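Novice: After the structure tokens below, expect a handful of questions from me.
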Amino acid sequence: MSPAIIGLCIFLGAPIIMSLLVSLRDWSGITAPFDSEFVGFDQYRQLITDDGVRRRDFALSIRNNFYYVAGVVPTQTAIALFLAVILNQRRLKGKGFFRTAYYFPTITSSIAVSLIFLFLFQTRGAVNAVLPFQDINWLANPNGVIHNILGVAGVDSAPGWMDDTEILSLPLWEWISGPSVAMLSIMILVTWTTTGILMLIFLAALQNISPSVQEAAEIDGATWWQRFRLITVPLLKPTITFVVTLGLIGTWQVFDQIFVISFGGPEKTTLTPAFLTYFQTFQNGEASLGAAVAVVLFVIIMAFTVLQRRLMRNRDWS
């Protein structure tokens with residue numbers, strides 16, 4: 001085990017500690033890190049307490065990523081489980097073909113897939129060609145989906161108290177905007193590319209369930225839905241917890257699709273903490289601020305992972 005442990009310490013543990021130390025300094029990323037001035041928690045104050053563009057950008061990234069997580073994780077988990085249940089049917093023919101077809105997007109370069117989706121979601125792309133509304137500007141539309149739905153109901157502007165109430169320099173009305181249309185397009189892309197690997201995990205777990213359990217329930221008169229809800233899902237609890245944990249960690253780290261498709265736009269509605277880390281470090285030359293964002297993102301991921309595991313551990317699956 002020592003080679004693996006040493007590798008983790010060098011390539012994972014050391015960068016985490018280095019990021020934490022760098023976030024306490026005023027480092028541009030050009031000079032030696034410890035030749036820079038020590039500023040303590042100044043970078044974190046700019047992100048969390050000090051009013052300004054940095055705090056607003058950080059709030060926007062958290063809001064965007066929250067909706068991204070809330071949309072992608074349940075969707076990819078449900079679709080993956082649904083496909084795994086279908087592929088686990090004994091009478092299904094061509095299982096190898098379908099497994100390969102569903103898994104193929106996972107092993108395809110995310111950059112290549114993002115470029116394909118970039119063309120598909122153009123105003124005159126293939127997506128609009130098959131929809132009744134052919135003028136949707138998917139990738140340049142900053143409007144929030146929830147705001148669009150409220151607009152149909154006649155709510156076009158925020159109540160006064162929502163405009164006056166701010167969290168991290170961002171009005172409450174913008175917090176409840178929902179993902180932008182551009183972010184929704186990226187969510188569709190990511191769901192399509194990640195479902196395959198999760199499907200294989202569910203399929204392996206389903207194949208480990210003893211057929212005698214299902215046969216006994218069927219003899220007792222249980223319907224397919226009763227067997228699925230009362231037997232299959234409870235037995236899959238550890239696998240579901242594992243899949244959701246992977247989904248949470250992966251969705252909070254989304255970067256490459258954002259970089260290729262939108263670069264944080266339009267109007268910063270696809271800005272995420274991972275992309276903000278890159279942008280502050282390599283575009284603005286504020287490596288310490290980028291490191292601070294990375295540390296806060298690490299804390300958020302750990303908090304959501306622990307919370308999710310506790311909620312799923314205490315849930316009654318029967």
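Chains: A, B, ... in order of the structure tokens. Residues: from 1 per chain. Ligands: from 1, in order shown.
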Taking 2 positions as the minimum chain separation for residues in the same chain, which residues sit within 7 Å of Ile261 in chain A when counting only C-alpha atoms? Answer as a list of chain:residue names.

Specialist: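 Contacts, with the query itself left out: A:Ser114, A:Leu118, A:Gln257, A:Ile258, A:Phe259, A:Phe263.
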
Novice: Return as a compact mmCIF listing (two decimals) with all heavy atoms, in the first residue's frame the full set of residues in range 161-247 of chain A whose backbone-based DSSP assignment is alpha helix (DSSP H).

Specialist:
```
# COMPACT_ATOMS: atom_id res chain seq x y z
N TRP A 161 -38.81 43.68 -1.20
CA TRP A 161 -38.01 43.11 -0.13
C TRP A 161 -36.98 42.12 -0.66
O TRP A 161 -35.92 41.93 -0.06
CB TRP A 161 -38.91 42.43 0.91
CG TRP A 161 -39.68 41.24 0.39
CD1 TRP A 161 -40.89 41.26 -0.22
CD2 TRP A 161 -39.28 39.87 0.46
NE1 TRP A 161 -41.29 39.99 -0.56
CE2 TRP A 161 -40.33 39.12 -0.14
CE3 TRP A 161 -38.16 39.21 0.97
CZ2 TRP A 161 -40.26 37.73 -0.26
CZ3 TRP A 161 -38.11 37.84 0.86
CH2 TRP A 161 -39.14 37.11 0.26
N MET A 162 -37.25 41.48 -1.82
CA MET A 162 -36.27 40.58 -2.41
C MET A 162 -35.12 41.35 -3.03
O MET A 162 -33.98 40.87 -3.05
CB MET A 162 -36.93 39.69 -3.46
CG MET A 162 -37.66 38.50 -2.89
SD MET A 162 -38.04 37.27 -4.17
CE MET A 162 -38.69 35.95 -3.12
N ASP A 163 -35.39 42.52 -3.57
CA ASP A 163 -34.32 43.35 -4.12
C ASP A 163 -33.46 43.95 -3.02
O ASP A 163 -32.26 44.19 -3.21
CB ASP A 163 -34.90 44.46 -4.99
CG ASP A 163 -34.86 44.09 -6.46
OD1 ASP A 163 -34.10 43.17 -6.82
OD2 ASP A 163 -35.60 44.71 -7.26
N ASP A 164 -34.09 44.22 -1.87
CA ASP A 164 -33.36 44.86 -0.77
C ASP A 164 -32.58 43.86 0.07
O ASP A 164 -31.63 44.24 0.75
CB ASP A 164 -34.35 45.63 0.13
CG ASP A 164 -35.04 46.77 -0.63
OD1 ASP A 164 -34.45 47.25 -1.60
OD2 ASP A 164 -36.16 47.14 -0.24
N LEU A 172 -31.64 38.62 -3.15
CA LEU A 172 -32.35 37.35 -2.98
C LEU A 172 -33.09 36.96 -4.26
O LEU A 172 -33.21 35.78 -4.58
CB LEU A 172 -33.33 37.45 -1.81
CG LEU A 172 -34.08 36.17 -1.43
CD1 LEU A 172 -33.11 35.07 -1.05
CD2 LEU A 172 -35.06 36.46 -0.29
N TRP A 173 -33.56 37.94 -5.02
CA TRP A 173 -34.26 37.68 -6.27
C TRP A 173 -33.35 36.95 -7.26
O TRP A 173 -33.80 36.07 -8.00
CB TRP A 173 -34.77 38.99 -6.87
CG TRP A 173 -35.43 38.87 -8.20
CD1 TRP A 173 -34.96 39.33 -9.40
CD2 TRP A 173 -36.69 38.25 -8.49
NE1 TRP A 173 -35.84 39.06 -10.41
CE2 TRP A 173 -36.92 38.39 -9.88
CE3 TRP A 173 -37.66 37.59 -7.72
CZ2 TRP A 173 -38.07 37.90 -10.52
CZ3 TRP A 173 -38.80 37.11 -8.34
CH2 TRP A 173 -38.99 37.26 -9.72
N GLU A 174 -32.07 37.29 -7.27
CA GLU A 174 -31.14 36.61 -8.16
C GLU A 174 -30.76 35.22 -7.64
O GLU A 174 -30.45 34.33 -8.44
CB GLU A 174 -29.88 37.46 -8.35
CG GLU A 174 -30.13 38.77 -9.10
CD GLU A 174 -28.85 39.46 -9.51
OE1 GLU A 174 -27.86 38.75 -9.80
OE2 GLU A 174 -28.82 40.70 -9.52
N TRP A 175 -30.81 35.04 -6.32
CA TRP A 175 -30.53 33.72 -5.78
C TRP A 175 -31.58 32.70 -6.21
O TRP A 175 -31.28 31.51 -6.37
CB TRP A 175 -30.48 33.77 -4.24
CG TRP A 175 -29.17 34.23 -3.70
CD1 TRP A 175 -28.87 35.48 -3.23
CD2 TRP A 175 -27.97 33.47 -3.55
NE1 TRP A 175 -27.56 35.55 -2.81
CE2 TRP A 175 -26.98 34.32 -2.98
CE3 TRP A 175 -27.63 32.15 -3.83
CZ2 TRP A 175 -25.69 33.89 -2.71
CZ3 TRP A 175 -26.34 31.71 -3.55
CH2 TRP A 175 -25.39 32.58 -3.00
N VAL A 181 -30.51 29.63 -18.96
CA VAL A 181 -30.74 28.75 -20.11
C VAL A 181 -29.41 28.17 -20.60
O VAL A 181 -29.32 27.00 -20.99
CB VAL A 181 -31.45 29.53 -21.24
CG1 VAL A 181 -31.61 28.65 -22.47
CG2 VAL A 181 -32.81 30.03 -20.76
N ALA A 182 -28.35 28.99 -20.56
CA ALA A 182 -27.03 28.50 -20.95
C ALA A 182 -26.55 27.39 -20.02
O ALA A 182 -26.02 26.37 -20.46
CB ALA A 182 -26.02 29.66 -20.97
N MET A 183 -26.73 27.58 -18.71
CA MET A 183 -26.34 26.54 -17.76
C MET A 183 -27.18 25.28 -17.93
O MET A 183 -26.68 24.16 -17.79
CB MET A 183 -26.47 27.07 -16.33
CG MET A 183 -26.09 26.05 -15.25
SD MET A 183 -24.37 25.50 -15.35
CE MET A 183 -23.56 26.77 -14.39
N LEU A 184 -28.45 25.45 -18.26
CA LEU A 184 -29.32 24.29 -18.50
C LEU A 184 -28.79 23.45 -19.66
O LEU A 184 -28.83 22.21 -19.61
CB LEU A 184 -30.75 24.75 -18.79
CG LEU A 184 -31.79 23.65 -19.04
CD1 LEU A 184 -31.95 22.78 -17.80
CD2 LEU A 184 -33.13 24.26 -19.44
N SER A 185 -28.28 24.09 -20.69
CA SER A 185 -27.70 23.36 -21.82
C SER A 185 -26.49 22.55 -21.38
O SER A 185 -26.33 21.39 -21.79
CB SER A 185 -27.29 24.35 -22.92
OG SER A 185 -28.37 25.18 -23.30
N ILE A 186 -25.65 23.13 -20.53
CA ILE A 186 -24.48 22.42 -20.03
C ILE A 186 -24.91 21.26 -19.13
O ILE A 186 -24.29 20.19 -19.14
CB ILE A 186 -23.54 23.39 -19.29
CG1 ILE A 186 -23.03 24.46 -20.27
CG2 ILE A 186 -22.38 22.66 -18.65
CD1 ILE A 186 -22.20 25.54 -19.63
N MET A 187 -25.96 21.46 -18.36
CA MET A 187 -26.47 20.39 -17.49
C MET A 187 -26.96 19.20 -18.32
O MET A 187 -26.74 18.04 -17.94
CB MET A 187 -27.60 20.94 -16.62
CG MET A 187 -27.13 21.92 -15.55
SD MET A 187 -28.47 22.90 -14.83
CE MET A 187 -29.48 21.63 -14.08
N ILE A 188 -27.59 19.47 -19.45
CA ILE A 188 -28.03 18.39 -20.34
C ILE A 188 -26.82 17.62 -20.86
O ILE A 188 -26.80 16.39 -20.90
CB ILE A 188 -28.86 18.96 -21.49
CG1 ILE A 188 -30.17 19.56 -20.96
CG2 ILE A 188 -29.17 17.89 -22.53
CD1 ILE A 188 -30.97 20.32 -22.01
N LEU A 189 -25.80 18.36 -21.27
CA LEU A 189 -24.57 17.74 -21.78
C LEU A 189 -23.93 16.84 -20.72
O LEU A 189 -23.60 15.68 -20.99
CB LEU A 189 -23.59 18.84 -22.20
CG LEU A 189 -22.10 18.47 -22.27
CD1 LEU A 189 -21.87 17.42 -23.33
CD2 LEU A 189 -21.26 19.70 -22.51
N VAL A 190 -23.76 17.35 -19.51
CA VAL A 190 -23.07 16.61 -18.46
C VAL A 190 -23.88 15.38 -18.05
O VAL A 190 -23.31 14.31 -17.80
CB VAL A 190 -22.80 17.52 -17.25
CG1 VAL A 190 -22.23 16.72 -16.09
CG2 VAL A 190 -21.83 18.63 -17.64
N THR A 191 -25.20 15.51 -17.97
CA THR A 191 -26.03 14.37 -17.63
C THR A 191 -25.84 13.25 -18.65
O THR A 191 -25.75 12.07 -18.30
CB THR A 191 -27.51 14.78 -17.56
OG1 THR A 191 -27.67 15.81 -16.57
CG2 THR A 191 -28.40 13.60 -17.19
N TRP A 192 -25.77 13.61 -19.93
CA TRP A 192 -25.61 12.62 -20.99
C TRP A 192 -24.25 11.92 -20.90
O TRP A 192 -24.14 10.72 -21.12
CB TRP A 192 -25.77 13.29 -22.35
CG TRP A 192 -25.62 12.36 -23.51
CD1 TRP A 192 -26.48 11.37 -23.90
CD2 TRP A 192 -24.53 12.32 -24.43
NE1 TRP A 192 -26.00 10.73 -25.01
CE2 TRP A 192 -24.81 11.29 -25.36
CE3 TRP A 192 -23.37 13.07 -24.57
CZ2 TRP A 192 -23.95 10.99 -26.41
CZ3 TRP A 192 -22.52 12.76 -25.61
CH2 TRP A 192 -22.81 11.74 -26.52
N THR A 193 -23.20 12.67 -20.54
CA THR A 193 -21.86 12.09 -20.54
C THR A 193 -21.54 11.30 -19.28
O THR A 193 -20.63 10.47 -19.29
CB THR A 193 -20.80 13.19 -20.70
OG1 THR A 193 -20.96 14.17 -19.67
CG2 THR A 193 -20.92 13.86 -22.06
N THR A 194 -22.25 11.55 -18.19
CA THR A 194 -21.92 10.88 -16.92
C THR A 194 -22.84 9.72 -16.58
O THR A 194 -22.51 8.92 -15.70
CB THR A 194 -21.95 11.89 -15.76
OG1 THR A 194 -23.25 12.51 -15.72
CG2 THR A 194 -20.88 12.95 -15.93
N THR A 195 -23.97 9.61 -17.25
CA THR A 195 -24.93 8.56 -16.89
C THR A 195 -24.37 7.17 -17.14
O THR A 195 -24.65 6.23 -16.38
CB THR A 195 -26.23 8.77 -17.69
OG1 THR A 195 -26.81 10.03 -17.33
CG2 THR A 195 -27.23 7.67 -17.40
N GLY A 196 -23.55 7.00 -18.18
CA GLY A 196 -23.07 5.67 -18.56
C GLY A 196 -22.27 4.99 -17.47
O GLY A 196 -22.51 3.82 -17.15
N ILE A 197 -21.31 5.69 -16.86
CA ILE A 197 -20.48 5.07 -15.84
C ILE A 197 -21.30 4.75 -14.60
O ILE A 197 -21.11 3.70 -13.95
CB ILE A 197 -19.28 5.99 -15.49
CG1 ILE A 197 -18.36 5.31 -14.48
CG2 ILE A 197 -19.74 7.33 -14.97
CD1 ILE A 197 -17.70 4.05 -14.97
N LEU A 198 -22.25 5.61 -14.25
CA LEU A 198 -23.10 5.34 -13.09
C LEU A 198 -24.03 4.16 -13.37
O LEU A 198 -24.33 3.37 -12.46
CB LEU A 198 -23.93 6.59 -12.75
CG LEU A 198 -23.12 7.86 -12.45
CD1 LEU A 198 -24.05 9.00 -12.09
CD2 LEU A 198 -22.11 7.61 -11.33
N MET A 199 -24.45 4.03 -14.62
CA MET A 199 -25.28 2.89 -15.00
C MET A 199 -24.54 1.57 -14.79
O MET A 199 -25.12 0.59 -14.28
CB MET A 199 -25.70 3.01 -16.47
CG MET A 199 -26.50 1.85 -17.01
SD MET A 199 -26.33 1.71 -18.80
CE MET A 199 -24.60 1.21 -18.96
N LEU A 200 -23.26 1.53 -15.15
CA LEU A 200 -22.48 0.32 -14.97
C LEU A 200 -22.32 -0.02 -13.49
O LEU A 200 -22.32 -1.20 -13.10
CB LEU A 200 -21.11 0.47 -15.62
CG LEU A 200 -21.07 0.45 -17.15
CD1 LEU A 200 -19.63 0.53 -17.63
CD2 LEU A 200 -21.74 -0.79 -17.70
N ILE A 201 -22.18 0.99 -12.65
CA ILE A 201 -22.07 0.75 -11.21
C ILE A 201 -23.37 0.13 -10.69
O ILE A 201 -23.35 -0.85 -9.92
CB ILE A 201 -21.75 2.06 -10.47
CG1 ILE A 201 -20.36 2.58 -10.89
CG2 ILE A 201 -21.79 1.85 -8.96
CD1 ILE A 201 -20.02 3.95 -10.34
N PHE A 202 -24.51 0.69 -11.09
CA PHE A 202 -25.80 0.14 -10.68
C PHE A 202 -25.99 -1.27 -11.23
O PHE A 202 -26.52 -2.15 -10.55
CB PHE A 202 -26.94 1.04 -11.15
CG PHE A 202 -27.22 2.21 -10.25
CD1 PHE A 202 -27.25 3.50 -10.75
CD2 PHE A 202 -27.47 2.02 -8.90
CE1 PHE A 202 -27.52 4.58 -9.92
CE2 PHE A 202 -27.73 3.09 -8.06
CZ PHE A 202 -27.75 4.37 -8.57
N LEU A 203 -25.58 -1.49 -12.48
CA LEU A 203 -25.75 -2.80 -13.10
C LEU A 203 -24.95 -3.86 -12.35
O LEU A 203 -25.44 -4.99 -12.11
CB LEU A 203 -25.32 -2.74 -14.56
CG LEU A 203 -25.55 -4.00 -15.40
CD1 LEU A 203 -27.03 -4.37 -15.42
CD2 LEU A 203 -25.03 -3.78 -16.82
N ALA A 204 -23.73 -3.53 -11.95
CA ALA A 204 -22.92 -4.47 -11.18
C ALA A 204 -23.58 -4.79 -9.84
O ALA A 204 -23.58 -5.95 -9.40
CB ALA A 204 -21.53 -3.90 -10.95
N ALA A 205 -24.17 -3.78 -9.21
CA ALA A 205 -24.85 -4.01 -7.94
C ALA A 205 -26.10 -4.86 -8.12
O ALA A 205 -26.39 -5.73 -7.29
CB ALA A 205 -25.20 -2.67 -7.29
N LEU A 206 -26.85 -4.61 -9.19
CA LEU A 206 -28.05 -5.40 -9.45
C LEU A 206 -27.71 -6.87 -9.70
O LEU A 206 -28.45 -7.77 -9.28
CB LEU A 206 -28.80 -4.82 -10.65
CG LEU A 206 -29.56 -3.51 -10.42
CD1 LEU A 206 -30.04 -2.93 -11.75
CD2 LEU A 206 -30.73 -3.72 -9.48
N GLN A 207 -26.62 -7.11 -10.38
CA GLN A 207 -26.24 -8.49 -10.69
C GLN A 207 -25.73 -9.24 -9.45
O GLN A 207 -25.61 -10.46 -9.48
CB GLN A 207 -25.19 -8.49 -11.80
CG GLN A 207 -25.75 -8.05 -13.14
CD GLN A 207 -24.70 -7.94 -14.23
OE1 GLN A 207 -23.50 -8.00 -13.95
NE2 GLN A 207 -25.14 -7.79 -15.47
N PRO A 211 -30.92 -13.90 -7.28
CA PRO A 211 -32.22 -14.07 -7.95
C PRO A 211 -33.25 -14.77 -7.06
O PRO A 211 -34.45 -14.57 -7.26
CB PRO A 211 -31.86 -14.95 -9.16
CG PRO A 211 -30.39 -14.76 -9.37
CD PRO A 211 -29.82 -14.53 -8.01
N SER A 212 -32.80 -15.55 -6.08
CA SER A 212 -33.75 -16.26 -5.23
C SER A 212 -34.59 -15.30 -4.41
O SER A 212 -35.76 -15.60 -4.09
CB SER A 212 -32.99 -17.20 -4.29
OG SER A 212 -32.09 -16.49 -3.46
N VAL A 213 -34.04 -14.14 -4.07
CA VAL A 213 -34.82 -13.15 -3.31
C VAL A 213 -35.99 -12.64 -4.15
O VAL A 213 -37.13 -12.57 -3.68
CB VAL A 213 -33.91 -11.99 -2.86
CG1 VAL A 213 -34.71 -10.94 -2.11
CG2 VAL A 213 -32.76 -12.49 -2.01
N GLN A 214 -35.70 -12.30 -5.41
CA GLN A 214 -36.75 -11.82 -6.30
C GLN A 214 -37.76 -12.93 -6.59
O GLN A 214 -38.97 -12.69 -6.63
CB GLN A 214 -36.12 -11.34 -7.62
CG GLN A 214 -35.13 -10.20 -7.48
CD GLN A 214 -35.80 -8.85 -7.26
OE1 GLN A 214 -37.03 -8.75 -7.22
NE2 GLN A 214 -35.01 -7.81 -7.12
N GLU A 215 -37.29 -14.15 -6.76
CA GLU A 215 -38.19 -15.26 -7.07
C GLU A 215 -39.11 -15.56 -5.90
O GLU A 215 -40.30 -15.84 -6.08
CB GLU A 215 -37.37 -16.50 -7.43
CG GLU A 215 -36.62 -16.37 -8.76
CD GLU A 215 -35.63 -17.49 -8.98
OE1 GLU A 215 -35.52 -18.35 -8.07
OE2 GLU A 215 -34.96 -17.50 -10.03
N ALA A 216 -38.58 -15.49 -4.67
CA ALA A 216 -39.42 -15.72 -3.50
C ALA A 216 -40.52 -14.67 -3.38
O ALA A 216 -41.68 -14.99 -3.07
CB ALA A 216 -38.55 -15.73 -2.23
N ALA A 217 -40.16 -13.40 -3.65
CA ALA A 217 -41.16 -12.34 -3.59
C ALA A 217 -42.21 -12.50 -4.69
O ALA A 217 -43.40 -12.25 -4.48
CB ALA A 217 -40.48 -10.98 -3.70
N GLU A 218 -41.76 -12.93 -5.86
CA GLU A 218 -42.70 -13.15 -6.97
C GLU A 218 -43.66 -14.29 -6.66
O GLU A 218 -44.86 -14.19 -6.96
CB GLU A 218 -41.92 -13.44 -8.25
CG GLU A 218 -42.77 -13.48 -9.50
CD GLU A 218 -41.93 -13.63 -10.75
OE1 GLU A 218 -40.69 -13.71 -10.64
OE2 GLU A 218 -42.53 -13.68 -11.85
N ILE A 219 -43.16 -15.34 -6.03
CA ILE A 219 -44.04 -16.45 -5.65
C ILE A 219 -45.06 -16.00 -4.61
O ILE A 219 -46.21 -16.44 -4.61
CB ILE A 219 -43.18 -17.62 -5.10
CG1 ILE A 219 -42.34 -18.21 -6.24
CG2 ILE A 219 -44.06 -18.69 -4.46
CD1 ILE A 219 -41.35 -19.27 -5.78
N TRP A 224 -44.12 -6.27 -9.86
CA TRP A 224 -42.79 -5.78 -10.24
C TRP A 224 -42.44 -4.53 -9.45
O TRP A 224 -41.33 -4.40 -8.95
CB TRP A 224 -42.75 -5.50 -11.73
CG TRP A 224 -41.42 -4.93 -12.16
CD1 TRP A 224 -40.33 -5.63 -12.56
CD2 TRP A 224 -41.03 -3.54 -12.17
NE1 TRP A 224 -39.29 -4.77 -12.83
CE2 TRP A 224 -39.69 -3.48 -12.60
CE3 TRP A 224 -41.69 -2.35 -11.86
CZ2 TRP A 224 -39.01 -2.29 -12.73
CZ3 TRP A 224 -40.99 -1.15 -11.99
CH2 TRP A 224 -39.66 -1.12 -12.42
N TRP A 225 -43.38 -3.61 -9.31
CA TRP A 225 -43.11 -2.37 -8.61
C TRP A 225 -42.84 -2.61 -7.13
O TRP A 225 -41.96 -1.99 -6.54
CB TRP A 225 -44.26 -1.39 -8.79
CG TRP A 225 -44.13 -0.14 -7.98
CD1 TRP A 225 -44.89 0.26 -6.93
CD2 TRP A 225 -43.12 0.88 -8.15
NE1 TRP A 225 -44.44 1.44 -6.43
CE2 TRP A 225 -43.36 1.85 -7.15
CE3 TRP A 225 -42.05 1.04 -9.03
CZ2 TRP A 225 -42.56 2.98 -7.03
CZ3 TRP A 225 -41.26 2.17 -8.90
CH2 TRP A 225 -41.51 3.14 -7.91
N GLN A 226 -43.60 -3.54 -6.53
CA GLN A 226 -43.37 -3.86 -5.12
C GLN A 226 -42.00 -4.50 -4.92
O GLN A 226 -41.30 -4.19 -3.95
CB GLN A 226 -44.47 -4.80 -4.62
CG GLN A 226 -45.83 -4.13 -4.47
CD GLN A 226 -46.92 -5.11 -4.11
OE1 GLN A 226 -46.88 -6.29 -4.53
NE2 GLN A 226 -47.91 -4.66 -3.34
N ARG A 227 -41.59 -5.37 -5.83
CA ARG A 227 -40.26 -5.98 -5.72
C ARG A 227 -39.17 -4.93 -5.87
O ARG A 227 -38.16 -4.96 -5.16
CB ARG A 227 -40.08 -7.09 -6.77
CG ARG A 227 -41.04 -8.25 -6.61
CD ARG A 227 -40.54 -9.47 -7.39
NE ARG A 227 -40.33 -9.18 -8.80
CZ ARG A 227 -41.27 -9.27 -9.73
NH1 ARG A 227 -42.51 -9.63 -9.38
NH2 ARG A 227 -40.99 -9.02 -10.99
N VAL A 233 -34.46 -1.59 -4.27
CA VAL A 233 -33.94 -0.29 -3.82
C VAL A 233 -33.28 -0.38 -2.45
O VAL A 233 -32.17 0.15 -2.26
CB VAL A 233 -35.05 0.78 -3.85
CG1 VAL A 233 -34.57 2.07 -3.21
CG2 VAL A 233 -35.50 1.04 -5.28
N PRO A 234 -33.89 -1.02 -1.44
CA PRO A 234 -33.18 -1.14 -0.16
C PRO A 234 -31.85 -1.87 -0.26
O PRO A 234 -30.88 -1.50 0.42
CB PRO A 234 -34.18 -1.92 0.72
CG PRO A 234 -35.51 -1.60 0.15
CD PRO A 234 -35.29 -1.51 -1.33
N LEU A 235 -31.78 -2.92 -1.09
CA LEU A 235 -30.53 -3.63 -1.25
C LEU A 235 -29.48 -2.79 -1.99
O LEU A 235 -28.28 -3.06 -1.88
CB LEU A 235 -30.76 -4.96 -2.00
CG LEU A 235 -31.53 -6.03 -1.22
CD1 LEU A 235 -31.80 -7.24 -2.09
CD2 LEU A 235 -30.77 -6.44 0.04
N LYS A 237 -29.03 0.38 -1.42
CA LYS A 237 -28.75 1.58 -0.63
C LYS A 237 -27.27 1.95 -0.61
O LYS A 237 -26.92 3.12 -0.85
CB LYS A 237 -29.27 1.39 0.80
CG LYS A 237 -28.96 2.57 1.72
CD LYS A 237 -29.45 2.33 3.13
CE LYS A 237 -29.05 3.49 4.04
NZ LYS A 237 -29.51 3.28 5.43
N PRO A 238 -26.34 1.02 -0.35
CA PRO A 238 -24.91 1.42 -0.37
C PRO A 238 -24.47 1.93 -1.74
O PRO A 238 -23.69 2.88 -1.83
CB PRO A 238 -24.18 0.13 0.01
CG PRO A 238 -25.19 -0.71 0.71
CD PRO A 238 -26.49 -0.39 0.04
N THR A 239 -24.96 1.31 -2.81
CA THR A 239 -24.59 1.73 -4.15
C THR A 239 -25.16 3.11 -4.47
O THR A 239 -24.47 3.95 -5.07
CB THR A 239 -25.08 0.71 -5.19
OG1 THR A 239 -24.60 -0.58 -4.85
CG2 THR A 239 -24.60 1.08 -6.58
N ILE A 240 -26.42 3.35 -4.09
CA ILE A 240 -27.02 4.67 -4.33
C ILE A 240 -26.25 5.74 -3.58
O ILE A 240 -25.98 6.84 -4.11
CB ILE A 240 -28.51 4.66 -3.92
CG1 ILE A 240 -29.30 3.70 -4.82
CG2 ILE A 240 -29.10 6.06 -3.99
CD1 ILE A 240 -30.75 3.52 -4.41
N THR A 241 -25.88 5.45 -2.34
CA THR A 241 -25.09 6.41 -1.55
C THR A 241 -23.76 6.70 -2.23
O THR A 241 -23.33 7.86 -2.33
CB THR A 241 -24.84 5.85 -0.14
OG1 THR A 241 -26.09 5.58 0.49
CG2 THR A 241 -24.07 6.84 0.70
N PHE A 242 -23.12 5.67 -2.74
CA PHE A 242 -21.84 5.83 -3.43
C PHE A 242 -22.00 6.66 -4.70
O PHE A 242 -21.21 7.58 -4.97
CB PHE A 242 -21.27 4.45 -3.76
CG PHE A 242 -20.00 4.48 -4.56
CD1 PHE A 242 -18.82 4.95 -4.01
CD2 PHE A 242 -19.99 4.04 -5.88
CE1 PHE A 242 -17.65 4.97 -4.76
CE2 PHE A 242 -18.83 4.07 -6.63
CZ PHE A 242 -17.66 4.53 -6.06
N VAL A 243 -23.04 6.36 -5.49
CA VAL A 243 -23.26 7.08 -6.75
C VAL A 243 -23.58 8.55 -6.49
O VAL A 243 -23.06 9.45 -7.18
CB VAL A 243 -24.40 6.40 -7.54
CG1 VAL A 243 -24.90 7.30 -8.66
CG2 VAL A 243 -23.93 5.07 -8.11
N VAL A 244 -24.42 8.82 -5.50
CA VAL A 244 -24.77 10.21 -5.20
C VAL A 244 -23.54 10.96 -4.68
O VAL A 244 -23.34 12.14 -5.01
CB VAL A 244 -25.92 10.26 -4.17
CG1 VAL A 244 -26.18 11.70 -3.71
CG2 VAL A 244 -27.20 9.68 -4.78
N THR A 245 -22.72 10.29 -3.89
CA THR A 245 -21.48 10.93 -3.41
C THR A 245 -20.56 11.29 -4.57
O THR A 245 -20.02 12.40 -4.62
CB THR A 245 -20.75 10.00 -2.43
OG1 THR A 245 -21.61 9.69 -1.33
CG2 THR A 245 -19.48 10.66 -1.90
N LEU A 246 -20.38 10.36 -5.51
CA LEU A 246 -19.58 10.66 -6.70
C LEU A 246 -20.17 11.83 -7.48
O LEU A 246 -19.45 12.69 -7.97
CB LEU A 246 -19.50 9.42 -7.60
CG LEU A 246 -18.61 8.26 -7.15
CD1 LEU A 246 -18.65 7.15 -8.20
CD2 LEU A 246 -17.17 8.73 -6.95
N GLY A 247 -21.50 11.84 -7.60
CA GLY A 247 -22.16 12.91 -8.33
C GLY A 247 -21.96 14.26 -7.67
O GLY A 247 -21.68 15.27 -8.35
```

Novice: Neighbouring residues of range 138-142 of chain A were defined as those with any atom within 7 Å, considering only C-alpha atoms; residues of the same chain fewer than 2 positions away were excluded. Please report them as a PDB file with C-alpha atoms, in the first residue's frame.

Specialist:
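The result, stored in out_35.pdb:
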```pdb
ATOM      1  CA  PHE A 121     -27.195  24.224 -29.331  1.00  0.00           C
ATOM      2  CA  GLN A 122     -26.472  27.076 -31.727  1.00  0.00           C
ATOM      3  CA  THR A 123     -29.468  29.217 -32.678  1.00  0.00           C
ATOM      4  CA  ILE A 136     -34.005  29.872 -28.699  1.00  0.00           C
ATOM      5  CA  GLY A 144     -32.898  32.122 -15.163  1.00  0.00           C
ATOM      6  CA  SER A 180     -29.719  30.151 -16.738  1.00  0.00           C
ATOM      7  CA  VAL A 181     -30.736  28.753 -20.109  1.00  0.00           C
ATOM      8  CA  ALA A 182     -27.027  28.501 -20.954  1.00  0.00           C
ATOM      9  CA  SER A 185     -27.698  23.364 -21.822  1.00  0.00           C
ATOM     10  CA  PRO A 266     -23.266  34.945 -20.522  1.00  0.00           C
ATOM     11  CA  GLU A 267     -23.271  37.578 -17.774  1.00  0.00           C
ATOM     12  CA  THR A 269     -24.450  32.829 -15.267  1.00  0.00           C
TER      13      THR A 269
END
```

Novice: Phe304 in chain A: which residues within 8 Å, counting only C-alpha atoms, same-chain residues fewer than 4 positions away excluded, as JSON, numbers by chain?

Specialist: {"A": [248, 300, 308]}
